[in-house]
Amino acid sequence: MPPRTRKTTSDDAAEGTPVEDLTEGSPAVTLEAAEDKALSDLTETKIPEVAPLEPPAVPDPIPDPVPLTTAQQLLPATMGDRIVDDATQKLPPNPDSVFVPVMPHGSSFLCTVRLVEHVGMGAYNTPTARLLVPIGAELRRDQAQRVLSRLRAQLAAAPDDE
């Protein structure tokens, strides 16, 4: 088989295929010119005749903050491991008044306030409030002393504004 070669326009004319006339008035040239003009119209950017002289009079208002709805938003993460009074959400000012003896010489104590503890629970330290001692609970002397020692340590470490 002989190797293939490209056909040239002279080969096309020799085989009897007519060659298009690309002169100025031919239909092929006018079609190409129309397509070029359409593309140039699409790519041109239009400049406005008059630009605005002043910025808008009133800026957009700042949106209202999203209301707090979840426990993670209500309890800050810095409140971890704190015992507070549930009614005031603050440390009791006098830890000695939190527990009173049931009997004058007994070994059980009665809690006078509801104590909750703010802790971070789980892998992500999700802030949670859990009940530590309810109002009216009777505790043994060692249990009351353990809670009182934690309350006194918190009062000693707390700033004066709390």
# chains A, B, ... in the order shown; residues from 1 in each chain; ligands from 1
call {"tool": "residues_around", "arguments": {"residues": "Ala156 of chain A", "least_positions_apart": "6", "cutoff": "12 Å", "atoms": "only C-alpha atoms", "output": "short mmCIF file (atom, residue, chain, number, x, y, z; two decimals) with N, CA, C and O atoms, in the first residue's frame"}}
result
data_model
loop_
_atom_site.label_atom_id
_atom_site.label_comp_id
_atom_site.auth_asym_id
_atom_site.auth_seq_id
_atom_site.Cartn_x
_atom_site.Cartn_y
_atom_site.Cartn_z
N LEU A 91 -21.98 32.50 94.23
CA LEU A 91 -21.51 31.78 95.41
C LEU A 91 -22.25 32.27 96.64
O LEU A 91 -22.54 33.47 96.76
N PRO A 93 -22.66 33.89 100.07
CA PRO A 93 -21.72 34.80 100.75
C PRO A 93 -21.19 34.23 102.07
O PRO A 93 -20.06 34.50 102.44
N ASN A 94 -22.01 33.43 102.75
CA ASN A 94 -21.59 32.86 104.02
C ASN A 94 -21.73 31.34 103.93
O ASN A 94 -22.84 30.81 104.09
N PRO A 95 -20.65 30.60 103.70
CA PRO A 95 -20.78 29.14 103.56
C PRO A 95 -21.26 28.45 104.84
O PRO A 95 -21.85 27.38 104.79
N SER A 149 -15.82 22.82 102.33
CA SER A 149 -14.42 23.11 102.01
C SER A 149 -14.28 23.58 100.55
O SER A 149 -13.49 24.49 100.27
N ARG A 150 -15.06 23.01 99.65
CA ARG A 150 -15.03 23.47 98.25
C ARG A 150 -15.58 24.89 98.14
O ARG A 150 -15.05 25.71 97.40
N GLU A 162 -17.60 39.34 92.90
CA GLU A 162 -18.64 38.30 92.89
C GLU A 162 -19.47 38.30 94.10
O GLU A 162 -19.36 38.46 95.16
#
call {"tool": "residues_around", "arguments": {"residues": "segment 108-125 of chain A", "least_positions_apart": "4", "cutoff": "9 Å", "atoms": "only C-alpha atoms", "output": "ChimeraX atom specification"}}
result
/A:75,77,79-87,89,92,97-103,129-141,144
call {"tool": "atom_distance", "arguments": {"atom1": "atom CA of Gln143 of chain A", "atom2": "atom CA of Thr126 of chain A"}}
result
26.7 Å
call {"tool": "atom_distance", "arguments": {"atom1": "atom CA of Pro127 of chain A", "atom2": "atom CA of Pro63 of chain A"}}
result
27.4 Å
call {"tool": "atom_distance", "arguments": {"atom1": "atom CA of Gln154 of chain A", "atom2": "atom CA of Thr88 of chain A"}}
result
15.9 Å
